[in-house]
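entry_26.cif (mmCIF, C-alpha atoms)
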data_input
#
loop_
_atom_site.label_atom_id
_atom_site.label_comp_id
_atom_site.auth_asym_id
_atom_site.auth_seq_id
_atom_site.Cartn_x
_atom_site.Cartn_y
_atom_site.Cartn_z
CA MET A 1 -30.07 -11.72 7.44
CA ASN A 2 -32.60 -13.50 5.20
CA GLU A 3 -32.83 -10.43 3.01
CA GLU A 4 -32.00 -9.25 -0.47
CA TYR A 5 -28.94 -6.98 -0.87
CA ASP A 6 -27.43 -5.23 -3.88
CA VAL A 7 -23.91 -6.14 -2.80
CA ILE A 8 -22.50 -8.60 -0.26
CA VAL A 9 -18.88 -8.08 0.79
CA LEU A 10 -16.83 -10.86 2.43
CA GLY A 11 -13.68 -9.94 4.36
CA THR A 12 -12.85 -6.60 5.99
CA GLY A 13 -9.48 -5.92 4.38
CA LEU A 14 -8.84 -2.37 3.22
CA THR A 15 -9.87 -3.06 -0.39
CA GLU A 16 -13.18 -4.60 0.71
CA CYS A 17 -13.97 -1.84 3.24
CA ILE A 18 -13.26 0.98 0.77
CA LEU A 19 -15.47 -0.68 -1.84
CA SER A 20 -18.30 -1.28 0.63
CA GLY A 21 -18.03 2.37 1.73
CA ILE A 22 -18.17 3.60 -1.86
CA MET A 23 -21.06 1.29 -2.80
CA SER A 24 -23.04 2.45 0.25
CA VAL A 25 -22.42 6.12 -0.63
CA ASN A 26 -23.67 5.23 -4.12
CA GLY A 27 -26.99 4.19 -2.59
CA LYS A 28 -26.49 0.41 -2.76
CA LYS A 29 -27.80 -1.84 0.00
CA VAL A 30 -24.67 -3.52 1.36
CA LEU A 31 -24.12 -6.46 3.73
CA HIS A 32 -20.51 -6.84 4.90
CA MET A 33 -19.39 -10.02 6.69
CA ASP A 34 -16.10 -11.39 7.98
CA ARG A 35 -15.34 -14.83 9.42
CA ASN A 36 -12.83 -13.23 11.84
CA PRO A 37 -13.81 -11.50 15.08
CA TYR A 38 -11.67 -8.44 14.13
CA TYR A 39 -11.49 -5.96 11.25
CA GLY A 40 -8.78 -5.88 8.62
CA GLY A 41 -8.41 -9.43 7.29
CA GLU A 42 -4.89 -9.75 5.88
CA SER A 43 -4.26 -6.04 6.51
CA ALA A 44 -5.19 -6.04 10.22
CA SER A 45 -3.18 -4.47 13.05
CA ILE A 46 -2.77 -7.03 15.83
CA THR A 47 -3.25 -6.07 19.48
CA PRO A 48 -2.36 -6.95 22.23
CA LEU A 49 1.19 -8.17 21.60
CA GLU A 50 0.29 -11.57 23.12
CA ASP A 51 -1.99 -12.17 20.10
CA LEU A 52 0.92 -11.56 17.72
CA TYR A 53 3.01 -14.19 19.54
CA LYS A 54 0.10 -16.64 19.29
CA ARG A 55 -0.53 -15.87 15.63
CA PHE A 56 3.11 -16.61 14.75
CA LYS A 57 3.18 -19.63 17.13
CA ILE A 58 6.00 -18.19 19.23
CA PRO A 59 6.07 -20.13 22.51
CA GLY A 60 5.61 -18.38 25.84
CA SER A 61 4.44 -14.84 26.36
CA PRO A 62 6.27 -11.59 25.49
CA PRO A 63 9.10 -10.71 27.93
CA GLU A 64 8.51 -7.91 30.44
CA SER A 65 10.94 -5.69 28.50
CA MET A 66 8.23 -5.39 25.80
CA GLY A 67 6.05 -3.31 28.13
CA ARG A 68 2.25 -3.60 28.19
CA GLY A 69 0.74 -5.85 25.53
CA ARG A 70 -2.12 -3.39 25.03
CA ASP A 71 0.30 -0.65 23.92
CA TRP A 72 1.04 -2.58 20.72
CA ASN A 73 -0.81 -2.42 17.38
CA VAL A 74 1.32 -4.36 14.91
CA ASP A 75 0.49 -4.21 11.20
CA LEU A 76 0.63 -7.52 9.36
CA ILE A 77 1.17 -5.69 6.07
CA PRO A 78 3.54 -2.73 6.14
CA LYS A 79 2.53 0.24 4.00
CA PHE A 80 2.65 4.03 4.09
CA LEU A 81 0.27 6.47 2.37
CA MET A 82 1.60 8.78 -0.34
CA ALA A 83 0.56 12.26 0.85
CA ASN A 84 -0.74 13.15 -2.60
CA GLY A 85 -1.74 9.63 -3.61
CA GLN A 86 -5.06 8.01 -4.44
CA LEU A 87 -5.82 6.62 -0.98
CA VAL A 88 -5.42 10.04 0.67
CA LYS A 89 -7.81 11.46 -1.94
CA MET A 90 -10.32 8.71 -1.11
CA LEU A 91 -9.93 9.50 2.60
CA LEU A 92 -10.36 13.24 2.07
CA TYR A 93 -13.28 13.00 -0.34
CA THR A 94 -15.23 10.57 1.82
CA GLU A 95 -14.22 12.53 4.95
CA VAL A 96 -13.06 9.31 6.55
CA THR A 97 -10.17 11.54 7.73
CA ARG A 98 -12.44 12.68 10.57
CA TYR A 99 -11.92 9.28 12.24
CA LEU A 100 -8.13 9.20 11.83
CA ASP A 101 -4.99 11.07 12.79
CA PHE A 102 -1.86 10.93 10.66
CA LYS A 103 1.82 11.61 11.16
CA VAL A 104 4.35 12.33 8.44
CA THR A 105 7.06 9.68 8.12
CA GLU A 106 10.38 11.25 9.01
CA GLY A 107 12.49 10.18 6.08
CA SER A 108 13.01 8.01 3.06
CA PHE A 109 16.36 6.31 2.58
CA VAL A 110 18.01 4.30 -0.17
CA TYR A 111 20.67 1.59 0.10
CA LYS A 112 23.90 1.85 -1.88
CA GLY A 113 27.03 -0.23 -1.45
CA GLY A 114 26.04 -1.51 2.01
CA LYS A 115 25.15 1.94 3.45
CA ILE A 116 21.94 3.94 3.56
CA TYR A 117 21.51 7.51 2.31
CA LYS A 118 18.63 9.99 2.51
CA VAL A 119 16.70 10.02 -0.77
CA PRO A 120 17.23 13.41 -2.43
CA SER A 121 14.00 14.60 -3.97
CA THR A 122 14.24 18.38 -4.01
CA GLU A 123 16.85 20.45 -5.81
CA ALA A 124 18.42 21.55 -2.52
CA GLU A 125 18.66 17.97 -1.21
CA ALA A 126 20.02 16.73 -4.53
CA LEU A 127 22.82 19.30 -4.40
CA ALA A 128 23.69 18.41 -0.80
CA SER A 129 23.45 14.61 -1.22
CA SER A 130 26.51 12.41 -0.84
CA LEU A 131 24.92 9.87 -3.20
CA MET A 132 26.31 11.66 -6.27
CA GLY A 133 29.34 13.55 -7.47
CA LEU A 134 29.15 17.25 -8.39
CA PHE A 135 28.58 16.92 -12.15
CA GLU A 136 26.09 14.12 -11.61
CA LYS A 137 24.18 16.42 -9.24
CA ARG A 138 23.85 19.10 -11.90
CA ARG A 139 22.52 16.61 -14.43
CA PHE A 140 20.08 15.16 -11.87
CA ARG A 141 18.90 18.67 -10.97
CA LYS A 142 18.20 19.34 -14.65
CA PHE A 143 16.22 16.12 -14.82
CA LEU A 144 14.15 17.06 -11.72
CA VAL A 145 13.39 20.48 -13.21
CA TYR A 146 12.26 18.79 -16.46
CA VAL A 147 9.93 16.45 -14.54
CA ALA A 148 8.51 19.31 -12.46
CA ASN A 149 7.72 21.34 -15.60
CA PHE A 150 6.38 18.38 -17.59
CA ASP A 151 2.71 18.83 -18.46
CA GLU A 152 1.03 16.18 -20.59
CA LYS A 153 -1.35 18.83 -21.99
CA ASP A 154 1.49 21.11 -23.16
CA PRO A 155 3.82 19.58 -25.80
CA ARG A 156 6.21 22.52 -25.35
CA THR A 157 7.28 20.94 -22.05
CA PHE A 158 8.24 17.63 -23.74
CA GLU A 159 11.61 18.89 -25.06
CA GLY A 160 11.71 16.42 -27.93
CA ILE A 161 10.50 13.46 -25.85
CA ASP A 162 7.34 11.64 -26.89
CA PRO A 163 5.78 10.55 -23.56
CA LYS A 164 3.84 7.72 -25.23
CA LYS A 165 6.81 6.37 -27.26
CA THR A 166 10.18 7.41 -25.78
CA THR A 167 11.33 4.80 -23.22
CA MET A 168 12.54 5.78 -19.77
CA ARG A 169 15.94 4.32 -20.63
CA GLU A 170 16.21 6.89 -23.47
CA VAL A 171 15.16 9.72 -21.13
CA TYR A 172 17.92 8.79 -18.65
CA LYS A 173 20.36 8.76 -21.56
CA LYS A 174 19.21 12.22 -22.72
CA PHE A 175 20.05 13.61 -19.26
CA ASP A 176 23.21 11.49 -19.09
CA LEU A 177 22.33 9.99 -15.69
CA GLY A 178 24.62 7.27 -14.25
CA GLN A 179 23.56 3.83 -12.99
CA ASP A 180 23.36 4.75 -9.26
CA VAL A 181 21.15 7.75 -10.00
CA ILE A 182 18.96 5.64 -12.29
CA ASP A 183 18.66 3.10 -9.45
CA PHE A 184 17.38 5.52 -6.86
CA THR A 185 15.24 7.49 -9.33
CA GLY A 186 13.42 4.37 -10.55
CA HIS A 187 13.15 2.63 -7.19
CA ALA A 188 13.12 5.33 -4.48
CA LEU A 189 11.26 8.10 -6.37
CA ALA A 190 9.16 6.32 -9.02
CA LEU A 191 8.85 3.36 -6.61
CA TYR A 192 9.17 0.55 -9.14
CA ARG A 193 9.98 -2.88 -7.72
CA THR A 194 11.86 -4.14 -10.79
CA ASP A 195 13.64 -2.65 -13.81
CA ASP A 196 10.98 -3.66 -16.36
CA TYR A 197 9.85 -0.01 -16.56
CA LEU A 198 13.08 1.07 -18.33
CA ASP A 199 11.87 -0.19 -21.71
CA GLN A 200 8.32 1.11 -21.38
CA PRO A 201 7.13 4.59 -22.48
CA CYS A 202 8.36 7.24 -20.02
CA TYR A 203 4.94 8.79 -19.41
CA GLU A 204 4.07 6.71 -16.33
CA THR A 205 7.51 7.04 -14.73
CA ILE A 206 7.47 10.83 -15.09
CA ASN A 207 4.02 10.93 -13.45
CA ARG A 208 5.21 8.68 -10.62
CA ILE A 209 8.16 10.98 -9.89
CA LYS A 210 5.76 13.95 -9.98
CA LEU A 211 3.49 12.17 -7.47
CA TYR A 212 6.48 11.63 -5.20
CA SER A 213 7.61 15.27 -5.45
CA GLU A 214 4.10 16.66 -4.97
CA SER A 215 3.53 14.36 -1.97
CA LEU A 216 6.83 15.53 -0.52
CA ALA A 217 5.93 19.17 -1.12
CA ARG A 218 2.80 18.82 1.04
CA TYR A 219 4.57 18.15 4.33
CA GLY A 220 8.29 18.49 3.72
CA LYS A 221 9.99 15.64 5.60
CA SER A 222 8.95 12.77 3.36
CA PRO A 223 6.08 11.99 1.00
CA TYR A 224 4.60 9.34 3.32
CA LEU A 225 1.89 9.48 5.97
CA TYR A 226 1.01 6.87 8.58
CA PRO A 227 -2.13 6.66 10.78
CA LEU A 228 -1.81 6.73 14.58
CA TYR A 229 -2.74 3.33 16.10
CA GLY A 230 -1.78 1.48 12.92
CA LEU A 231 -3.11 0.68 9.48
CA GLY A 232 -5.98 -1.36 10.94
CA GLU A 233 -7.64 2.02 11.55
CA LEU A 234 -8.12 2.52 7.79
CA PRO A 235 -10.57 -0.32 7.05
CA GLN A 236 -12.48 0.60 10.22
CA GLY A 237 -12.81 4.21 9.04
CA PHE A 238 -14.36 3.11 5.74
CA ALA A 239 -16.56 0.59 7.57
CA ARG A 240 -17.99 3.48 9.60
CA LEU A 241 -18.65 5.36 6.36
CA SER A 242 -20.57 2.37 5.01
CA ALA A 243 -22.55 2.10 8.26
CA ILE A 244 -23.53 5.80 8.11
CA TYR A 245 -25.01 5.10 4.68
CA GLY A 246 -27.00 2.09 5.86
CA GLY A 247 -24.45 -0.70 5.32
CA THR A 248 -24.84 -3.72 7.64
CA TYR A 249 -21.73 -5.21 9.30
CA MET A 250 -21.31 -8.67 10.83
CA LEU A 251 -18.02 -9.94 12.24
CA ASN A 252 -17.37 -13.50 13.41
CA LYS A 253 -19.69 -14.93 10.73
CA PRO A 254 -18.63 -18.28 9.31
CA ILE A 255 -19.29 -18.33 5.56
CA GLU A 256 -20.65 -21.77 4.67
CA GLU A 257 -21.29 -21.35 0.97
CA ILE A 258 -21.37 -18.84 -1.87
CA ILE A 259 -24.48 -19.82 -3.82
CA VAL A 260 -24.15 -19.71 -7.59
CA GLN A 261 -27.01 -20.43 -10.02
CA ASN A 262 -26.47 -20.76 -13.78
CA GLY A 263 -22.93 -19.45 -13.31
CA LYS A 264 -24.05 -16.28 -11.50
CA VAL A 265 -23.88 -15.50 -7.77
CA ILE A 266 -27.27 -15.26 -6.06
CA GLY A 267 -26.40 -15.32 -2.35
CA VAL A 268 -24.28 -16.32 0.61
CA LYS A 269 -25.10 -18.94 3.25
CA SER A 270 -23.99 -18.35 6.84
CA GLU A 271 -25.12 -20.23 9.96
CA GLY A 272 -28.02 -21.81 8.08
CA GLU A 273 -29.39 -18.50 6.75
CA ILE A 274 -29.15 -17.22 3.19
CA ALA A 275 -28.61 -13.58 2.28
CA ARG A 276 -29.36 -12.95 -1.39
CA CYS A 277 -27.38 -10.56 -3.59
CA LYS A 278 -26.82 -9.33 -7.13
CA GLN A 279 -23.06 -8.83 -6.76
CA LEU A 280 -20.36 -10.14 -4.43
CA ILE A 281 -16.98 -8.63 -3.46
CA CYS A 282 -14.50 -10.75 -1.52
CA ASP A 283 -10.84 -11.39 -0.77
CA PRO A 284 -9.14 -14.51 -2.20
CA SER A 285 -9.46 -16.51 1.04
CA TYR A 286 -13.23 -16.89 0.53
CA VAL A 287 -13.00 -18.32 -3.01
CA LYS A 288 -9.89 -20.48 -3.17
CA ASP A 289 -11.08 -22.24 -6.35
CA ARG A 290 -11.46 -18.95 -8.25
CA VAL A 291 -7.94 -17.56 -7.69
CA GLU A 292 -4.45 -18.49 -8.82
CA LYS A 293 -1.03 -18.04 -7.24
CA VAL A 294 1.35 -15.72 -9.10
CA GLY A 295 4.17 -15.54 -6.54
CA GLN A 296 4.95 -15.05 -2.85
CA VAL A 297 5.87 -12.22 -0.51
CA ILE A 298 8.06 -12.61 2.57
CA ARG A 299 7.49 -10.17 5.45
CA VAL A 300 9.50 -10.07 8.65
CA ILE A 301 8.22 -8.00 11.57
CA CYS A 302 11.19 -6.97 13.75
CA ILE A 303 10.88 -5.44 17.20
CA LEU A 304 13.79 -3.13 18.09
CA SER A 305 14.75 -1.06 21.13
CA HIS A 306 16.63 1.51 19.04
CA PRO A 307 16.15 3.63 15.92
CA ILE A 308 17.82 2.36 12.73
CA LYS A 309 21.45 3.42 12.35
CA ASN A 310 22.25 6.32 9.99
CA THR A 311 18.66 7.61 9.89
CA ASN A 312 19.26 10.58 12.25
CA ASP A 313 17.40 8.62 14.97
CA ALA A 314 14.15 8.91 12.99
CA ASN A 315 11.11 7.48 14.79
CA SER A 316 9.69 6.45 11.40
CA CYS A 317 11.25 5.91 8.00
CA GLN A 318 11.32 3.86 4.85
CA ILE A 319 14.42 2.22 3.42
CA ILE A 320 14.48 0.95 -0.15
CA ILE A 321 17.16 -1.52 -1.22
CA PRO A 322 17.19 -1.37 -5.06
CA GLN A 323 17.45 -4.85 -6.61
CA ASN A 324 20.69 -4.00 -8.49
CA GLN A 325 22.46 -3.32 -5.20
CA VAL A 326 21.87 -6.88 -3.98
CA ASN A 327 21.75 -8.82 -7.29
CA ARG A 328 18.02 -9.42 -7.29
CA LYS A 329 15.10 -8.87 -9.64
CA SER A 330 12.91 -7.02 -7.13
CA ASP A 331 13.56 -4.46 -4.39
CA ILE A 332 13.63 -5.10 -0.64
CA TYR A 333 11.66 -2.65 1.51
CA VAL A 334 11.90 -1.68 5.17
CA CYS A 335 9.05 0.26 6.83
CA MET A 336 9.83 1.49 10.33
CA ILE A 337 7.41 3.06 12.82
CA SER A 338 7.50 3.31 16.60
CA PHE A 339 5.97 4.28 19.93
CA ALA A 340 5.50 7.79 18.43
CA HIS A 341 2.61 6.37 16.37
CA ASN A 342 0.90 4.60 19.31
CA VAL A 343 1.74 1.20 17.83
CA ALA A 344 4.45 0.07 20.27
CA ALA A 345 5.41 0.38 23.94
CA GLN A 346 7.51 3.39 24.99
CA GLY A 347 11.01 3.35 23.47
CA LYS A 348 10.20 0.48 21.08
CA TYR A 349 10.37 0.43 17.28
CA ILE A 350 8.76 -1.88 14.72
CA ALA A 351 10.60 -2.43 11.45
CA ILE A 352 8.94 -4.59 8.81
CA VAL A 353 11.00 -5.98 5.95
CA SER A 354 9.23 -7.17 2.81
CA THR A 355 10.07 -8.38 -0.68
CA THR A 356 8.85 -10.61 -3.49
CA VAL A 357 10.22 -14.13 -3.02
CA GLU A 358 12.69 -15.17 -5.76
CA THR A 359 14.42 -18.30 -4.43
CA LYS A 360 13.78 -21.43 -2.35
CA GLU A 361 15.36 -19.66 0.67
CA PRO A 362 13.39 -16.45 1.18
CA GLU A 363 14.92 -15.70 4.59
CA LYS A 364 18.36 -15.51 3.02
CA GLU A 365 17.05 -13.04 0.45
CA ILE A 366 16.23 -10.40 3.06
CA ARG A 367 19.49 -10.70 4.99
CA PRO A 368 20.86 -7.33 3.70
CA ALA A 369 17.82 -5.59 5.22
CA LEU A 370 18.01 -7.45 8.55
CA GLU A 371 21.69 -6.48 8.88
CA LEU A 372 20.65 -2.80 8.85
CA LEU A 373 18.32 -3.43 11.83
CA GLU A 374 20.62 -5.31 14.24
CA PRO A 375 20.24 -5.95 17.13
CA ILE A 376 16.70 -7.34 16.71
CA GLU A 377 14.78 -8.24 19.88
CA GLN A 378 12.13 -10.45 18.27
CA LYS A 379 11.32 -11.52 14.71
CA PHE A 380 7.98 -12.69 13.26
CA VAL A 381 8.34 -14.23 9.79
CA SER A 382 5.49 -14.77 7.34
CA ILE A 383 5.50 -15.97 3.74
CA SER A 384 2.23 -15.33 1.90
CA ASP A 385 1.00 -16.38 -1.51
CA LEU A 386 0.20 -13.62 -3.98
CA LEU A 387 -3.25 -14.55 -5.29
CA VAL A 388 -5.14 -12.99 -8.19
CA PRO A 389 -8.61 -13.79 -9.57
CA LYS A 390 -8.72 -16.25 -12.49
CA ASP A 391 -11.34 -14.15 -14.27
CA LEU A 392 -12.76 -10.62 -14.12
CA GLY A 393 -16.04 -11.74 -12.56
CA MET A 394 -18.25 -10.28 -15.30
CA GLU A 395 -20.29 -13.48 -15.71
CA SER A 396 -20.39 -14.72 -12.12
CA GLN A 397 -20.63 -11.16 -10.68
CA ILE A 398 -18.10 -12.34 -8.07
CA PHE A 399 -15.40 -9.67 -7.82
CA ILE A 400 -12.24 -10.79 -6.07
CA SER A 401 -9.53 -8.49 -4.76
CA ARG A 402 -5.83 -9.17 -5.27
CA THR A 403 -3.54 -10.06 -2.36
CA TYR A 404 -1.49 -7.11 -1.01
CA ASP A 405 1.89 -6.94 -2.76
CA ALA A 406 5.36 -6.10 -1.41
CA THR A 407 5.18 -2.37 -2.24
CA THR A 408 5.32 0.01 0.70
CA HIS A 409 2.48 2.27 -0.37
CA PHE A 410 -1.19 1.83 -1.32
CA GLU A 411 -1.11 2.93 -4.96
CA THR A 412 -1.40 -0.65 -6.35
CA THR A 413 -4.23 -1.38 -3.89
CA CYS A 414 -6.10 1.72 -5.11
CA ASP A 415 -5.61 0.62 -8.72
CA ASP A 416 -7.26 -2.68 -7.79
CA ILE A 417 -10.17 -0.84 -6.10
CA LYS A 418 -10.75 1.35 -9.17
CA ASN A 419 -10.50 -1.68 -11.42
CA ILE A 420 -13.11 -3.66 -9.42
CA TYR A 421 -15.36 -0.57 -9.30
CA LYS A 422 -15.25 -0.30 -13.09
CA ARG A 423 -15.99 -4.00 -13.57
CA MET A 424 -18.95 -3.78 -11.16
CA THR A 425 -20.53 -0.57 -12.39
CA GLY A 426 -19.31 -0.26 -15.97
CA SER A 427 -18.08 3.28 -15.31
CA GLU A 428 -14.73 4.77 -14.27
CA PHE A 429 -14.24 5.55 -10.59
CA ASP A 430 -14.72 9.30 -10.15
CA PHE A 431 -13.47 11.04 -7.01
CA GLU A 432 -15.55 14.16 -7.72
CA GLU A 433 -18.76 12.17 -8.10
CA MET A 434 -18.15 10.49 -4.76
CA LYS A 435 -17.77 13.93 -3.18
CA ARG A 436 -21.02 15.15 -4.78
CA LYS A 437 -23.00 12.12 -3.58
CA LYS A 438 -21.78 12.73 -0.03
CA ASN A 439 -22.83 16.37 -0.24
CA ASP A 440 -26.33 15.34 -1.35
CA ILE A 441 -26.79 13.62 1.99
CA TYR A 442 -24.67 15.74 4.33
CA GLY A 443 -25.00 19.08 2.56
CA GLU A 444 -21.97 21.26 1.81
CA ASP A 445 -19.46 21.96 4.56
#
For this file, write the structure as structure tokens.
Amino acid sequence: MNEEYDVIVLGTGLTECILSGIMSVNGKKVLHMDRNPYYGGESASITPLEDLYKRFKIPGSPPESMGRGRDWNVDLIPKFLMANGQLVKMLLYTEVTRYLDFKVTEGSFVYKGGKIYKVPSTEAEALASSLMGLFEKRRFRKFLVYVANFDEKDPRTFEGIDPKKTTMREVYKKFDLGQDVIDFTGHALALYRTDDYLDQPCYETINRIKLYSESLARYGKSPYLYPLYGLGELPQGFARLSAIYGGTYMLNKPIEEIIVQNGKVIGVKSEGEIARCKQLICDPSYVKDRVEKVGQVIRVICILSHPIKNTNDANSCQIIIPQNQVNRKSDIYVCMISFAHNVAAQGKYIAIVSTTVETKEPEKEIRPALELLEPIEQKFVSISDLLVPKDLGMESQIFISRTYDATTHFETTCDDIKNIYKRMTGSEFDFEEMKRKKNDIYGED
């Protein structure tokens, strides 16, 4: 360990593992350490079930009705992958897909007036949906056609809208869309957590809806994918990539000190030894004095013995409760997966509710979501701080990832990865370049 590395990475969360994989592919000498004996950090999948009970300090051991403890892999942070999103591109381009198997999530639902409805995202579904009246459907269909044809390189497709200036609120007005339709378009298709986007230029929202539709078009049932055996498989896949390219991994390593000289990181001390480095990547838990709290997320893991009502007995789904429907500022999300994904015992389902905390009583805030899941066999509640770095790390060369937010997909995590990459290397993250570098070593397929 008493060696010189280009980059040292602390923590094996998804952000850290993807960055160490990419840096290794880029020819950097990488040392990756974690104080825990398992991969995944905050984004780990916990197995066996007994460990989950211990982690949440639930007395006793799981009842026999829960089946074998080893059959469980429970994610601490619930997220799905957008089929056409950035993380899937990273997986495909680095060929980390060879280590993983995915299933398509069976449906996406939206909450309205106490009930849940399938999210319409194709013309045919929009016309059949009971979310809207007949005339509303026609207007929504027109809007979907406009979004599908929109091409930022071809002003003829703008139809009088200036993507960089016209706000999304004005676009909704142009198509004469009502409040309910605006709710599910902004929150269940564009996947915004709040309504701040309404007064921003429409360009990003249109692209988000396109991403949703294109992701949906890939597999049909829903735009989301989920890896068999849980999300903990993702960081491990990228860790293998790093190892293939010469990265060194050490779990169960207590980190005693990050050594900084003249304001710049020069190494990390662990068990009396010092590994030297030029740059450091880590999650907030390793540098508590360099991060600040910007909010909290509540997550409740619920074990069920039944599918969620009104989802056509889906063995996996997402439910979005738009903030307007429950008088909040931010949405409540439910991610549900089951024994079909090798993460639970036969006949069992795991539903994870998450949202950004807004009051002093977070558990009350998520009640509308929990009511959709009744009866619940066992609940595991966690409230985590949302931490962000105090500075960009340009001087210290210490690059800190952001805590995982309440969204149910990895797009914000990928934005963070690309952002750290740019700060570290000075250049934009380029998927194609990553592909080329891999081919240099492996040759073409």
- For A:Lys137, which residue out of A:Asn312, A:Ser305, A:Asn149, A:Thr122 is the nearest one, using all atoms listed in the file? A:Thr122
- Kindly resolve the PyMOL selection byres ((chain A and resi 18) around 9) on the present coordinates and return the residues as a PyMOL selection string. chain A and resi 13-17+19-23+90+234-235+237-239+241-242+417
Keeping C-alpha atoms, export the residues of the selection given above as an mmCIF file, in the coordinates of the input.
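Written out: out_8.cif:
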data_model
loop_
_atom_site.group_PDB
_atom_site.id
_atom_site.type_symbol
_atom_site.label_atom_id
_atom_site.label_comp_id
_atom_site.auth_asym_id
_atom_site.auth_seq_id
_atom_site.Cartn_x
_atom_site.Cartn_y
_atom_site.Cartn_z
ATOM 1 C CA GLY A 13 -9.480 -5.920 4.380
ATOM 2 C CA LEU A 14 -8.840 -2.370 3.220
ATOM 3 C CA THR A 15 -9.870 -3.060 -0.390
ATOM 4 C CA GLU A 16 -13.180 -4.600 0.710
ATOM 5 C CA CYS A 17 -13.970 -1.840 3.240
ATOM 6 C CA LEU A 19 -15.470 -0.680 -1.840
ATOM 7 C CA SER A 20 -18.300 -1.280 0.630
ATOM 8 C CA GLY A 21 -18.030 2.370 1.730
ATOM 9 C CA ILE A 22 -18.170 3.600 -1.860
ATOM 10 C CA MET A 23 -21.060 1.290 -2.800
ATOM 11 C CA MET A 90 -10.320 8.710 -1.110
ATOM 12 C CA LEU A 234 -8.120 2.520 7.790
ATOM 13 C CA PRO A 235 -10.570 -0.320 7.050
ATOM 14 C CA GLY A 237 -12.810 4.210 9.040
ATOM 15 C CA PHE A 238 -14.360 3.110 5.740
ATOM 16 C CA ALA A 239 -16.560 0.590 7.570
ATOM 17 C CA LEU A 241 -18.650 5.360 6.360
ATOM 18 C CA SER A 242 -20.570 2.370 5.010
ATOM 19 C CA ILE A 417 -10.170 -0.840 -6.100
#
- Query: In Å to one decimal, how far is atom CA of A:Lys278 from atom CA of A:Gly27?
  - Reply: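 These atoms are spaced 14.3 Å apart.
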- Residues matched by the PyMOL selection byres ((chain A and resi 97) around 12), written as a ChimeraX atom specification: /A:87-96,98-102,227-228,233-238,240-241
Might you spell out which residues the PyMOL selection byres ((chain A and resi 143) around 12) would select in the displayed file, as a PDB file with C-alpha atoms, keeping the file's coordinate frame?
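Output file part.pdb follows:
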ATOM      1  CA  SER A 121      14.000  14.600  -3.970  1.00  0.00           C
ATOM      2  CA  THR A 122      14.240  18.380  -4.010  1.00  0.00           C
ATOM      3  CA  GLU A 123      16.850  20.450  -5.810  1.00  0.00           C
ATOM      4  CA  ALA A 126      20.020  16.730  -4.530  1.00  0.00           C
ATOM      5  CA  GLU A 136      26.090  14.120 -11.610  1.00  0.00           C
ATOM      6  CA  LYS A 137      24.180  16.420  -9.240  1.00  0.00           C
ATOM      7  CA  ARG A 138      23.850  19.100 -11.900  1.00  0.00           C
ATOM      8  CA  ARG A 139      22.520  16.610 -14.430  1.00  0.00           C
ATOM      9  CA  PHE A 140      20.080  15.160 -11.870  1.00  0.00           C
ATOM     10  CA  ARG A 141      18.900  18.670 -10.970  1.00  0.00           C
ATOM     11  CA  LYS A 142      18.200  19.340 -14.650  1.00  0.00           C
ATOM     12  CA  LEU A 144      14.150  17.060 -11.720  1.00  0.00           C
ATOM     13  CA  VAL A 145      13.390  20.480 -13.210  1.00  0.00           C
ATOM     14  CA  TYR A 146      12.260  18.790 -16.460  1.00  0.00           C
ATOM     15  CA  VAL A 147       9.930  16.450 -14.540  1.00  0.00           C
ATOM     16  CA  ALA A 148       8.510  19.310 -12.460  1.00  0.00           C
ATOM     17  CA  ASN A 149       7.720  21.340 -15.600  1.00  0.00           C
ATOM     18  CA  PHE A 150       6.380  18.380 -17.590  1.00  0.00           C
ATOM     19  CA  GLU A 159      11.610  18.890 -25.060  1.00  0.00           C
ATOM     20  CA  VAL A 171      15.160   9.720 -21.130  1.00  0.00           C
ATOM     21  CA  TYR A 172      17.920   8.790 -18.650  1.00  0.00           C
ATOM     22  CA  LYS A 173      20.360   8.760 -21.560  1.00  0.00           C
ATOM     23  CA  LYS A 174      19.210  12.220 -22.720  1.00  0.00           C
ATOM     24  CA  PHE A 175      20.050  13.610 -19.260  1.00  0.00           C
ATOM     25  CA  ASP A 176      23.210  11.490 -19.090  1.00  0.00           C
ATOM     26  CA  LEU A 177      22.330   9.990 -15.690  1.00  0.00           C
ATOM     27  CA  VAL A 181      21.150   7.750 -10.000  1.00  0.00           C
ATOM     28  CA  ILE A 182      18.960   5.640 -12.290  1.00  0.00           C
ATOM     29  CA  THR A 185      15.240   7.490  -9.330  1.00  0.00           C
ATOM     30  CA  ILE A 206       7.470  10.830 -15.090  1.00  0.00           C
ATOM     31  CA  ILE A 209       8.160  10.980  -9.890  1.00  0.00           C
ATOM     32  CA  LYS A 210       5.760  13.950  -9.980  1.00  0.00           C
TER      33      LYS A 210
END
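Within 8 Å of A:Asn315, once all atoms listed in the file are used and residues closer than 4 positions along the same chain are dropped, the contacting residues are A:Glu106, A:Pro307, A:Met336, A:Ile337, A:Ser338, A:Phe339, A:Ala340, A:Tyr349.
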- Message: What's around A:Pro63 at 12 Å? Count only C-alpha atoms, leave out sequence neighbours fewer than 2 positions away in its own chain, and write the answer as a list in words.
- Response: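 Skipping anything fewer than 2 positions along the chain leaves Leu49, Glu50, Tyr53, Ile58, Pro59, Gly60, Ser61, Ser65, Met66, Gly67, Arg68, Gly69, Glu377 and Gln378 of chain A.
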- At what distance in Å, to one decimal, does atom CA of A:Ala406 lie from atom CA of A:Val294?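 The value is 13.0 Å.
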- Name the closest residue to A:Asp385 among the candidates A:Gln296, A:Asn419, A:Thr403, A:Ser222; distances are taken between atoms, counting all atoms listed in the file.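 Using all atoms listed in the file, the shortest distance to A:Asp385 belongs to A:Gln296.
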